[in-house]
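Next comes final-v6.pdb, with PDB, C-alpha atoms.
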```pdb
MODEL        1
ATOM      1  CA  MET T 150      20.497  28.110   7.308
ATOM      2  CA  SER T 151      19.842  25.476   9.898
ATOM      3  CA  THR T 152      20.623  21.919   8.922
ATOM      4  CA  THR T 153      17.498  20.775  10.772
ATOM      5  CA  SER T 154      15.082  22.515   8.453
ATOM      6  CA  THR T 155      13.972  22.063   4.858
ATOM      7  CA  SER T 156      13.192  25.708   4.210
ATOM      8  CA  LEU T 157      15.889  26.197   1.582
ATOM      9  CA  SER T 158      14.487  23.476  -0.566
ATOM     10  CA  SER T 159      12.493  24.503  -3.595
ATOM     11  CA  SER T 160      12.590  24.136  -7.337
ATOM     12  CA  ASN T 161      13.038  27.177  -9.549
ATOM     13  CA  GLY T 162       9.260  27.608  -9.616
ATOM     14  CA  ASN T 163       9.250  27.470 -13.418
ATOM     15  CA  ALA T 164       6.790  24.946 -14.826
ATOM     16  CA  ARG T 165       9.187  24.039 -17.657
ATOM     17  CA  LEU T 166      11.969  21.588 -17.003
ATOM     18  CA  THR T 167      15.557  22.620 -17.484
ATOM     19  CA  LEU T 168      17.834  20.069 -19.137
ATOM     20  CA  ARG T 169      19.448  19.417 -15.756
ATOM     21  CA  GLU T 170      16.035  18.765 -14.169
ATOM     22  CA  LEU T 171      14.969  16.532 -17.051
ATOM     23  CA  VAL T 172      18.029  14.321 -16.611
ATOM     24  CA  SER T 173      17.891  14.388 -12.807
ATOM     25  CA  LEU T 174      14.182  13.528 -12.618
ATOM     26  CA  SER T 175      14.657  10.693 -15.137
ATOM     27  CA  LEU T 176      17.462   9.246 -13.027
ATOM     28  CA  LEU T 177      15.413   9.701  -9.855
ATOM     29  CA  SER T 178      12.525   7.825 -11.505
ATOM     30  CA  ALA T 179      14.892   4.948 -12.217
ATOM     31  CA  ILE T 180      16.166   5.063  -8.617
ATOM     32  CA  ILE T 181      12.593   4.893  -7.239
ATOM     33  CA  ILE T 182      11.766   1.878  -9.430
ATOM     34  CA  ALA T 183      15.042   0.067  -8.652
ATOM     35  CA  ALA T 184      14.824   0.779  -4.904
ATOM     36  CA  LYS T 185      11.212  -0.354  -4.776
ATOM     37  CA  GLU T 186      11.999  -3.607  -6.560
ATOM     38  CA  ALA T 187      15.112  -4.177  -4.420
ATOM     39  CA  MET T 188      13.012  -3.952  -1.254
ATOM     40  CA  SER T 189       9.938  -5.731  -2.601
ATOM     41  CA  LEU T 190      10.672  -8.895  -0.595
ATOM     42  CA  LEU T 191       9.997  -7.001   2.632
ATOM     43  CA  PRO T 192       6.239  -6.700   3.141
ATOM     44  CA  ASN T 193       5.250  -3.044   3.253
ATOM     45  CA  ILE T 194       8.761  -1.776   3.922
ATOM     46  CA  GLU T 195       9.198   0.438   0.889
ATOM     47  CA  PRO T 196      11.437   3.353  -0.093
ATOM     48  CA  VAL T 197       8.974   5.024  -2.483
ATOM     49  CA  THR T 198       7.322   7.210   0.166
ATOM     50  CA  LEU T 199      10.717   8.420   1.425
ATOM     51  CA  LEU T 200      11.988   9.180  -2.086
ATOM     52  CA  LEU T 201       8.810  10.913  -3.278
ATOM     53  CA  ILE T 202       8.698  13.129  -0.169
ATOM     54  CA  CYS T 203      12.382  13.967  -0.651
ATOM     55  CA  ILE T 204      11.935  14.726  -4.377
ATOM     56  CA  THR T 205       8.791  16.806  -3.761
ATOM     57  CA  ILE T 206      10.530  18.876  -1.075
ATOM     58  CA  VAL T 207      13.349  19.655  -3.506
ATOM     59  CA  TYR T 208      11.598  19.822  -6.895
ATOM     60  CA  GLY T 209       8.079  20.888  -5.899
ATOM     61  CA  ALA T 210       5.309  20.033  -8.392
ATOM     62  CA  LYS T 211       7.890  18.595 -10.803
ATOM     63  CA  ALA T 212       7.884  15.527  -8.531
ATOM     64  CA  PHE T 213       4.724  14.486 -10.402
ATOM     65  CA  TYR T 214       7.003  13.491 -13.327
ATOM     66  CA  PRO T 215       8.962  10.741 -11.500
ATOM     67  CA  CYS T 216       5.745   9.789  -9.719
ATOM     68  CA  ALA T 217       3.984   9.215 -13.069
ATOM     69  CA  ILE T 218       6.988   7.353 -14.526
ATOM     70  CA  PHE T 219       7.123   5.090 -11.456
ATOM     71  CA  VAL T 220       3.388   4.289 -11.664
ATOM     72  CA  LEU T 221       3.638   3.545 -15.386
ATOM     73  CA  ALA T 222       6.713   1.338 -14.826
ATOM     74  CA  GLU T 223       4.855  -0.629 -12.136
ATOM     75  CA  GLY T 224       2.052  -1.204 -14.644
ATOM     76  CA  LEU T 225       4.557  -2.416 -17.227
ATOM     77  CA  ILE T 226       6.280  -4.705 -14.716
ATOM     78  CA  TYR T 227       3.231  -6.171 -12.936
ATOM     79  CA  GLY T 228       0.498  -5.635 -15.510
ATOM     80  CA  PHE T 229      -2.357  -3.167 -15.623
ATOM     81  CA  GLY T 230      -4.514  -5.014 -13.078
ATOM     82  CA  TRP T 231      -6.603  -3.490 -10.303
ATOM     83  CA  TYR T 232      -3.543  -2.539  -8.293
ATOM     84  CA  PHE T 233      -2.378  -0.287 -11.111
ATOM     85  CA  PHE T 234      -5.516   1.842 -10.795
ATOM     86  CA  VAL T 235      -4.871   2.201  -7.061
ATOM     87  CA  TYR T 236      -1.333   3.385  -7.861
ATOM     88  CA  VAL T 237      -2.709   5.920 -10.370
ATOM     89  CA  TYR T 238      -4.234   7.948  -7.532
ATOM     90  CA  ILE T 239      -2.422   6.820  -4.391
ATOM     91  CA  TRP T 240       1.103   8.088  -5.180
ATOM     92  CA  PRO T 241       0.032  11.457  -6.683
ATOM     93  CA  ILE T 242      -1.975  11.985  -3.457
ATOM     94  CA  LEU T 243       1.315  11.757  -1.520
ATOM     95  CA  VAL T 244       3.039  14.269  -3.819
ATOM     96  CA  ALA T 245       0.030  16.627  -3.629
ATOM     97  CA  ALA T 246      -0.081  16.343   0.180
ATOM     98  CA  VAL T 247       3.643  17.100   0.473
ATOM     99  CA  LEU T 248       3.230  20.096  -1.863
ATOM    100  CA  LEU T 249       0.510  21.490   0.396
ATOM    101  CA  ILE T 250       2.328  20.805   3.667
ATOM    102  CA  ARG T 251       5.599  22.090   2.192
ATOM    103  CA  ARG T 252       4.155  25.610   2.214
ATOM    104  CA  VAL T 253       4.055  25.677   5.998
ATOM    105  CA  ASN T 254       6.410  22.969   7.208
ATOM    106  CA  THR T 255      10.173  23.108   7.493
ATOM    107  CA  SER T 256      10.672  20.357  10.060
ATOM    108  CA  TYR T 257      12.073  16.933   9.254
ATOM    109  CA  VAL T 258      10.257  15.570  12.310
ATOM    110  CA  ILE T 259       6.946  16.559  10.737
ATOM    111  CA  TRP T 260       8.002  15.096   7.370
ATOM    112  CA  THR T 261       8.789  11.842   9.163
ATOM    113  CA  VAL T 262       5.326  11.836  10.726
ATOM    114  CA  VAL T 263       3.783  12.640   7.325
ATOM    115  CA  GLY T 264       5.609   9.658   5.794
ATOM    116  CA  ALA T 265       4.563   7.393   8.665
ATOM    117  CA  LEU T 266       0.933   8.523   8.503
ATOM    118  CA  TYR T 267       0.906   7.964   4.763
ATOM    119  CA  GLY T 268       1.968   4.362   5.477
ATOM    120  CA  LEU T 269      -0.894   3.994   7.951
ATOM    121  CA  LEU T 270      -3.397   5.513   5.512
ATOM    122  CA  PHE T 271      -2.138   3.517   2.522
ATOM    123  CA  GLY T 272      -4.579   0.673   3.303
ATOM    124  CA  PRO T 273      -7.660   2.887   3.645
ATOM    125  CA  LEU T 274      -6.659   4.746   0.463
ATOM    126  CA  CYS T 275      -6.376   1.403  -1.361
ATOM    127  CA  CYS T 276      -9.907   0.616  -0.184
ATOM    128  CA  ILE T 277     -11.338   3.496  -2.213
ATOM    129  CA  GLU T 278     -11.213   1.222  -5.242
ATOM    130  CA  ALA T 279     -12.827  -1.661  -3.311
ATOM    131  CA  PHE T 280     -15.532   0.781  -2.211
ATOM    132  CA  VAL T 281     -16.229   1.878  -5.792
ATOM    133  CA  VAL T 282     -16.195  -1.692  -7.171
ATOM    134  CA  SER T 283     -17.783  -3.699  -4.333
ATOM    135  CA  GLY T 284     -19.355  -1.325  -1.821
ATOM    136  CA  TRP T 285     -18.542  -0.205   1.680
ATOM    137  CA  GLN T 286     -18.793  -3.625   3.363
ATOM    138  CA  MET T 287     -16.062  -5.090   1.186
ATOM    139  CA  ALA T 288     -13.958  -1.923   1.538
ATOM    140  CA  PHE T 289     -14.321  -2.067   5.323
ATOM    141  CA  SER T 290     -13.317  -5.752   5.428
ATOM    142  CA  TYR T 291     -10.317  -5.018   3.203
ATOM    143  CA  TRP T 292      -9.255  -2.228   5.489
ATOM    144  CA  ILE T 293      -9.655  -4.325   8.655
ATOM    145  CA  SER T 294      -7.724  -7.240   7.079
ATOM    146  CA  GLY T 295      -4.898  -4.898   6.124
ATOM    147  CA  ILE T 296      -4.494  -3.055   9.452
ATOM    148  CA  PRO T 297      -1.499  -5.155  10.657
ATOM    149  CA  TYR T 298       0.201  -4.415   7.327
ATOM    150  CA  ASP T 299      -0.703  -0.711   7.635
ATOM    151  CA  ILE T 300       0.985  -0.673  11.052
ATOM    152  CA  ILE T 301       4.115  -2.281   9.526
ATOM    153  CA  HIS T 302       3.958   0.335   6.756
ATOM    154  CA  PHE T 303       3.648   3.087   9.391
ATOM    155  CA  VAL T 304       6.673   1.852  11.352
ATOM    156  CA  GLY T 305       8.728   1.176   8.199
ATOM    157  CA  ASN T 306       8.084   4.649   6.799
ATOM    158  CA  ALA T 307       8.764   6.258  10.187
ATOM    159  CA  VAL T 308      12.151   4.532  10.463
ATOM    160  CA  LEU T 309      13.185   5.127   6.827
ATOM    161  CA  CYS T 310      12.082   8.784   6.824
ATOM    162  CA  GLY T 311      13.423   9.397  10.326
ATOM    163  CA  VAL T 312      16.870   8.110   9.419
ATOM    164  CA  LEU T 313      17.258   8.958   5.737
ATOM    165  CA  LEU T 314      15.006  11.868   4.794
ATOM    166  CA  LYS T 315      17.221  14.652   6.138
ATOM    167  CA  PRO T 316      20.545  13.490   4.627
ATOM    168  CA  LEU T 317      18.911  12.498   1.341
ATOM    169  CA  THR T 318      17.023  15.798   0.988
ATOM    170  CA  GLN T 319      20.134  17.836   1.750
ATOM    171  CA  LEU T 320      22.179  15.764  -0.701
ATOM    172  CA  LEU T 321      19.541  16.064  -3.419
ATOM    173  CA  GLN T 322      19.218  19.795  -2.803
ATOM    174  CA  ARG T 323      22.978  20.214  -3.308
ATOM    175  CA  LEU T 324      22.978  18.074  -6.452
ATOM    176  CA  ALA T 325      19.799  19.531  -7.943
ATOM    177  CA  TYR T 326      20.366  23.219  -7.259
ATOM    178  CA  PRO T 327      24.039  23.656  -6.307
ATOM    179  CA  GLU T 328      23.746  27.448  -6.498
ATOM    180  CA  LYS T 329      21.186  27.400  -3.632
ATOM    181  CA  GLY T 330      22.967  24.673  -1.691
ATOM    182  CA  ALA T 331      26.293  26.552  -1.762
ATOM    183  CA  SER T 332      24.781  29.615  -0.151
ATOM    184  CA  ALA T 333      23.156  27.517   2.518
ATOM    185  CA  SER T 334      26.154  25.553   3.759
TER
ATOM    186  CA  MET I1433      11.268  32.451  19.338
ATOM    187  CA  SER I1434       7.484  32.467  18.972
ATOM    188  CA  SER I1435       7.700  30.854  15.506
ATOM    189  CA  MET I1436      10.013  28.257  17.038
ATOM    190  CA  SER I1437       7.510  27.452  19.754
ATOM    191  CA  LYS I1438       4.716  27.427  17.143
ATOM    192  CA  GLN I1439       6.688  24.880  15.117
ATOM    193  CA  LYS I1440       7.235  22.838  18.273
ATOM    194  CA  LYS I1441       3.538  23.005  19.055
ATOM    195  CA  THR I1442       2.615  21.878  15.527
ATOM    196  CA  THR I1443       5.077  18.985  15.786
ATOM    197  CA  ILE I1444       3.581  17.854  19.098
ATOM    198  CA  ILE I1445       0.035  18.064  17.681
ATOM    199  CA  ILE I1446       0.940  16.092  14.534
ATOM    200  CA  VAL I1447       2.790  13.416  16.518
ATOM    201  CA  ALA I1448      -0.204  13.177  18.878
ATOM    202  CA  VAL I1449      -2.584  12.824  15.890
ATOM    203  CA  ALA I1450      -0.372  10.049  14.501
ATOM    204  CA  VAL I1451      -0.371   8.199  17.829
ATOM    205  CA  VAL I1452      -4.170   8.551  18.134
ATOM    206  CA  LEU I1453      -4.668   7.236  14.578
ATOM    207  CA  VAL I1454      -2.432   4.219  15.243
ATOM    208  CA  ILE I1455      -4.330   3.459  18.459
ATOM    209  CA  ALA I1456      -7.669   3.891  16.629
ATOM    210  CA  ALA I1457      -6.526   1.464  13.906
ATOM    211  CA  LEU I1458      -5.453  -1.092  16.519
ATOM    212  CA  VAL I1459      -8.780  -0.737  18.377
ATOM    213  CA  CYS I1460     -10.695  -1.274  15.080
ATOM    214  CA  TRP I1461      -8.526  -4.316  14.348
ATOM    215  CA  ALA I1462      -9.213  -5.758  17.819
ATOM    216  CA  ALA I1463     -12.953  -5.095  17.500
ATOM    217  CA  PHE I1464     -13.629  -6.206  13.924
ATOM    218  CA  ARG I1465     -10.900  -8.669  12.924
ATOM    219  CA  PRO I1466     -12.064 -12.081  11.749
ATOM    220  CA  ARG I1467     -12.095 -14.521  14.677
ATOM    221  CA  ALA I1468     -11.235 -18.175  14.334
ATOM    222  CA  LEU I1469     -12.925 -21.145  16.029
ATOM    223  CA  GLU I1470     -11.020 -23.976  17.662
ATOM    224  CA  GLY I1471     -11.819 -27.703  17.323
ATOM    225  CA  VAL I1472     -12.636 -30.062  14.455
ATOM    226  CA  LYS I1473     -14.721 -28.606  11.617
ATOM    227  CA  GLU I1474     -16.192 -30.220   8.520
ATOM    228  CA  ILE I1475     -16.309 -27.971   5.501
ATOM    229  CA  THR I1476     -17.137 -28.357   1.818
ATOM    230  CA  VAL I1477     -15.056 -26.764  -0.898
ATOM    231  CA  ASN I1478     -16.376 -26.543  -4.464
ATOM    232  CA  ILE I1479     -14.112 -25.325  -7.252
ATOM    233  CA  THR I1480     -15.789 -24.382 -10.529
ATOM    234  CA  HIS I1481     -13.359 -24.221 -13.443
ATOM    235  CA  THR I1482     -13.905 -22.078 -16.518
ATOM    236  CA  ASP I1483     -14.553 -25.215 -18.621
ATOM    237  CA  GLY I1484     -17.528 -25.986 -16.362
ATOM    238  CA  THR I1485     -15.981 -28.876 -14.432
ATOM    239  CA  VAL I1486     -16.440 -28.804 -10.668
ATOM    240  CA  ARG I1487     -14.138 -30.322  -8.084
ATOM    241  CA  SER I1488     -15.666 -30.868  -4.650
ATOM    242  CA  GLU I1489     -13.843 -31.754  -1.465
ATOM    243  CA  GLU I1490     -15.304 -32.627   1.925
ATOM    244  CA  ILE I1491     -12.641 -31.599   4.406
ATOM    245  CA  GLU I1492     -12.316 -32.384   8.098
ATOM    246  CA  THR I1493      -9.875 -30.041   9.702
ATOM    247  CA  THR I1494      -8.715 -28.449  12.917
ATOM    248  CA  ALA I1495      -7.332 -25.467  10.984
ATOM    249  CA  GLU I1496      -8.700 -22.075  11.964
ATOM    250  CA  TYR I1497      -8.432 -20.343   8.607
ATOM    251  CA  LEU I1498      -9.416 -21.459   5.105
ATOM    252  CA  ALA I1499      -5.980 -21.352   3.469
ATOM    253  CA  GLU I1500      -4.561 -23.498   6.279
ATOM    254  CA  ALA I1501      -7.377 -26.059   5.833
ATOM    255  CA  LEU I1502      -6.679 -26.293   2.087
ATOM    256  CA  GLU I1503      -2.900 -26.607   2.477
ATOM    257  CA  PRO I1504      -2.757 -30.474   2.460
ATOM    258  CA  TYR I1505      -4.662 -30.486  -0.850
ATOM    259  CA  GLU I1506      -2.232 -28.054  -2.531
ATOM    260  CA  LEU I1507      -5.139 -26.307  -4.221
ATOM    261  CA  LEU I1508      -4.029 -22.703  -3.860
ATOM    262  CA  GLU I1509      -1.141 -20.819  -5.387
ATOM    263  CA  GLY I1510      -0.548 -17.124  -5.033
ATOM    264  CA  GLU I1511       1.598 -14.257  -3.905
ATOM    265  CA  ASP I1512       1.861 -12.547  -0.558
ATOM    266  CA  SER I1513       0.365  -9.103  -0.779
ATOM    267  CA  GLU I1514      -0.567  -6.255   1.508
ATOM    268  CA  TYR I1515      -3.843  -8.043   2.201
ATOM    269  CA  GLY I1516      -2.357 -11.493   2.720
ATOM    270  CA  LEU I1517      -2.291 -14.292   0.151
ATOM    271  CA  PHE I1518      -3.348 -13.044  -3.290
ATOM    272  CA  VAL I1519      -4.644 -16.216  -4.969
ATOM    273  CA  THR I1520      -3.608 -16.534  -8.604
ATOM    274  CA  SER I1521      -4.294 -20.221  -9.203
ATOM    275  CA  VAL I1522      -6.793 -22.722  -7.769
ATOM    276  CA  ASP I1523      -6.652 -26.439  -8.508
ATOM    277  CA  GLY I1524      -4.128 -25.771 -11.269
ATOM    278  CA  GLU I1525      -6.154 -23.117 -13.139
ATOM    279  CA  TYR I1526      -4.526 -19.714 -13.391
ATOM    280  CA  ALA I1527      -6.535 -16.455 -13.367
ATOM    281  CA  ASP I1528      -4.794 -13.695 -15.318
ATOM    282  CA  ASP I1529      -5.353 -10.508 -13.311
ATOM    283  CA  THR I1530      -3.817  -8.405 -16.099
ATOM    284  CA  GLN I1531      -6.894  -9.441 -18.118
ATOM    285  CA  GLY I1532      -9.185  -8.612 -15.190
ATOM    286  CA  ALA I1533      -9.665 -12.280 -14.210
ATOM    287  CA  TYR I1534      -9.590 -13.100 -10.494
ATOM    288  CA  TRP I1535     -10.316 -16.139  -8.360
ATOM    289  CA  MET I1536     -13.197 -15.299  -6.044
ATOM    290  CA  TYR I1537     -15.011 -17.363  -3.457
ATOM    291  CA  ASP I1538     -18.341 -17.365  -1.680
ATOM    292  CA  VAL I1539     -18.925 -18.430   1.921
ATOM    293  CA  ASN I1540     -22.253 -20.193   2.347
ATOM    294  CA  GLY I1541     -23.566 -18.465  -0.772
ATOM    295  CA  SER I1542     -22.409 -14.923   0.056
ATOM    296  CA  TRP I1543     -19.380 -13.038  -1.176
ATOM    297  CA  ALA I1544     -16.353 -13.633   1.045
ATOM    298  CA  GLU I1545     -15.271 -10.576   2.981
ATOM    299  CA  TYR I1546     -11.765 -11.778   3.821
ATOM    300  CA  GLY I1547      -8.773 -13.222   2.040
ATOM    301  CA  VAL I1548      -8.332 -17.005   2.186
ATOM    302  CA  ASP I1549      -5.657 -16.782   4.854
ATOM    303  CA  THR I1550      -7.794 -14.626   7.172
ATOM    304  CA  GLN I1551     -11.134 -16.308   6.487
ATOM    305  CA  PRO I1552     -12.158 -18.052   9.729
ATOM    306  CA  ILE I1553     -13.871 -21.400   9.177
ATOM    307  CA  ALA I1554     -16.867 -22.831  11.018
ATOM    308  CA  ASP I1555     -18.333 -26.313  11.061
ATOM    309  CA  GLY I1556     -20.604 -26.911   8.050
ATOM    310  CA  ASP I1557     -19.254 -24.012   5.968
ATOM    311  CA  VAL I1558     -19.484 -24.319   2.182
ATOM    312  CA  TYR I1559     -16.877 -22.501   0.104
ATOM    313  CA  ASP I1560     -17.405 -21.986  -3.633
ATOM    314  CA  PHE I1561     -14.386 -20.929  -5.683
ATOM    315  CA  TYR I1562     -14.854 -19.511  -9.196
ATOM    316  CA  ILE I1563     -13.190 -17.122 -11.622
ATOM    317  CA  SER I1564     -14.733 -13.670 -12.134
ATOM    318  CA  VAL I1565     -13.722 -11.372 -14.956
ATOM    319  CA  PHE I1566     -13.905  -7.636 -14.283
ATOM    320  CA  GLU I1567     -13.998  -5.552 -17.453
TER
ENDMDL
END
```
Encoding of this model in structure tokens:
Amino acid sequence: MSTTSTSLSSSNGNARLTLRELVSLSLLSAIIIAAKEAMSLLPNIEPVTLLLICITIVYGAKAFYPCAIFVLAEGLIYGFGWYFFVYVYIWPILVAAVLLIRRVNTSYVIWTVVGALYGLLFGPLCCIEAFVVSGWQMAFSYWISGIPYDIIHFVGNAVLCGVLLKPLTQLLQRLAYPEKGASAS
Amino acid sequence: MSSMSKQKKTTIIIVAVAVVLVIAALVCWAAFRPRALEGVKEITVNITHTDGTVRSEEIETTAEYLAEALEPYELLEGEDSEYGLFVTSVDGEYADDTQGAYWMYDVNGSWAEYGVDTQPIADGDVYDFYISVFE
């Protein structure tokens, strides 16, 4: 098994959670929330994309659990305002996209680009709500206003995923499914 | 070997797509971003509170953007967000976004398309601030 690929990573494929997965995914949810809050002072430099990609690579569709817990926690922390409804669809879209790409991709370079592109597309995805509520003109203005922040998001995600995704995914794979990790090392 | 080169090819294509998308975003930003005017401008700012009282200010300013012009009056409070300053309070009245209440503003009678810190101002502009509640 090459250390430059993610091909070994997968959950057990069973829809039901094992006790180990239940505990691990709960702790990972807490880590996402804590990491996000710890980095919230930096505009659009966030660890959530990195962590959700990493968790989805390792746990597959079960990554929707920490994703849902994170979204709910954000609602509880910041209130169930308009941003909450953006979060309700925007983070599951990332998990769903990674699940689809995961079928064909084993390269960390591509995962880094996926994370970076998600940062770039975060603004336009946020505008879906503005489009529904206020029409395309408002959505377009929102998107244009946010482009510099989308570029920061793109660069931030590229750096975080480029540096941390590979070691974090390999570590999580070993911790989550040691029986698979042992045979791969 | 062929799967290796296929993977390499895919990587190059995806990286190229990413670069093209970033360039496209930057081109859109350059073409459509709000542009500011230099020089002295006179603007009117009306703030309608929920109790019906209205505060009006005639402002002469060399600022290029609305938030900057309002700074000496300390009218706006808010948080930095992805889209710039997210206004939570105007002239001391707080809008509770968890209850769907937001401070909005019109520019010369039409809905503002930009946030207060990216709204370019022009001589004679009239800005109307008010609270809207979205159910």
> Leu174 (chain T): which residues within 10 Å, counting all atoms listed in the file, same-chain residues fewer than 4 positions away excluded, as JSON, numbers by chain?
Replying inline: {"T": [166, 168, 169, 170, 178, 179, 180, 204, 208, 211, 212, 213, 214, 215, 216, 218, 325]}
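Proximity to chain T was assessed for I:Gly1541, I:Gly1556, I:Pro1504, I:Gly1532 counting all atoms listed in the file; the smallest distance is recorded for I:Gly1532.
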>> Evaluate the ChimeraX specification (/T :<9) & /I against this structure - the residues, as a ChimeraX atom specification, please.
In response: /I:1439,1442-1443,1446-1447,1450,1453-1454,1457-1458,1460-1461,1464-1466,1512-1516,1528-1533,1543-1547,1550
>> Need the shell around Asn1540 (chain I): protein/DNA/RNA residues with any atom at most 7 Å away, counting all atoms listed in the file. Skip same-chain ones fewer than 6 positions apart. Format as a PyMOL selection string?
In response: chain I and resi 1557-1559
>> With the PyMOL selection byres ((chain T and resi 210) around 12) as the selection, what would be picked from this file? Answer as a PyMOL selection string, please.
In response: chain T and resi 159-166+174+201-202+204-209+211-217+241-249+251
> Hey, which of T:Gly305, T:Cys276, T:Phe234, T:Lys315 ends up closest to Leu191 (chain T)? Count all atoms listed in the file.
Replying inline: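 The shortest atom-to-atom distance to Leu191 (chain T) comes from T:Gly305.
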Can you give me N, CA and C atoms for region 227-249 of chain T, written as a compact mmCIF listing (two decimals), in the coordinates of the input?
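part-v6.txt, written as the output of this step:
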```txt
# COMPACT_ATOMS: atom_id res chain seq x y z
N TYR T 227 4.18 -5.25 -13.58
CA TYR T 227 3.23 -6.17 -12.94
C TYR T 227 1.90 -6.31 -13.67
N GLY T 228 1.75 -5.56 -14.77
CA GLY T 228 0.50 -5.64 -15.51
C GLY T 228 -0.47 -4.56 -15.04
N PHE T 229 -1.42 -4.25 -15.92
CA PHE T 229 -2.36 -3.17 -15.62
C PHE T 229 -3.62 -3.74 -14.96
N GLY T 230 -3.41 -4.44 -13.84
CA GLY T 230 -4.51 -5.01 -13.08
C GLY T 230 -5.09 -3.96 -12.14
N TRP T 231 -5.90 -4.44 -11.17
CA TRP T 231 -6.60 -3.49 -10.30
C TRP T 231 -5.64 -2.66 -9.48
N TYR T 232 -4.49 -3.26 -9.13
CA TYR T 232 -3.54 -2.54 -8.29
C TYR T 232 -2.98 -1.32 -9.00
N PHE T 233 -2.89 -1.42 -10.34
CA PHE T 233 -2.38 -0.29 -11.11
C PHE T 233 -3.27 0.94 -10.92
N PHE T 234 -4.59 0.71 -10.91
CA PHE T 234 -5.52 1.84 -10.80
C PHE T 234 -5.46 2.46 -9.40
N VAL T 235 -5.11 1.64 -8.39
CA VAL T 235 -4.87 2.20 -7.06
C VAL T 235 -3.64 3.11 -7.11
N TYR T 236 -2.58 2.60 -7.77
CA TYR T 236 -1.33 3.38 -7.86
C TYR T 236 -1.54 4.71 -8.59
N VAL T 237 -2.47 4.71 -9.57
CA VAL T 237 -2.71 5.92 -10.37
C VAL T 237 -3.12 7.09 -9.47
N TYR T 238 -3.87 6.81 -8.39
CA TYR T 238 -4.23 7.95 -7.53
C TYR T 238 -3.44 8.00 -6.23
N ILE T 239 -2.95 6.84 -5.76
CA ILE T 239 -2.42 6.82 -4.39
C ILE T 239 -1.07 7.55 -4.27
N TRP T 240 -0.21 7.41 -5.27
CA TRP T 240 1.10 8.09 -5.18
C TRP T 240 1.00 9.58 -5.49
N PRO T 241 0.21 10.00 -6.51
CA PRO T 241 0.03 11.46 -6.68
C PRO T 241 -0.59 12.13 -5.46
N ILE T 242 -1.42 11.40 -4.69
CA ILE T 242 -1.98 11.98 -3.46
C ILE T 242 -0.83 12.35 -2.50
N LEU T 243 0.17 11.47 -2.40
CA LEU T 243 1.32 11.76 -1.52
C LEU T 243 2.04 13.02 -1.98
N VAL T 244 2.33 13.09 -3.29
CA VAL T 244 3.04 14.27 -3.82
C VAL T 244 2.21 15.53 -3.57
N ALA T 245 0.90 15.46 -3.83
CA ALA T 245 0.03 16.63 -3.63
C ALA T 245 0.01 17.03 -2.15
N ALA T 246 -0.05 16.04 -1.26
CA ALA T 246 -0.08 16.34 0.18
C ALA T 246 1.22 17.02 0.61
N VAL T 247 2.35 16.51 0.11
CA VAL T 247 3.64 17.10 0.47
C VAL T 247 3.74 18.53 -0.07
N LEU T 248 3.21 18.75 -1.29
CA LEU T 248 3.23 20.10 -1.86
C LEU T 248 2.46 21.08 -0.98
N LEU T 249 1.33 20.62 -0.47
CA LEU T 249 0.51 21.49 0.40
C LEU T 249 1.21 21.75 1.73
```
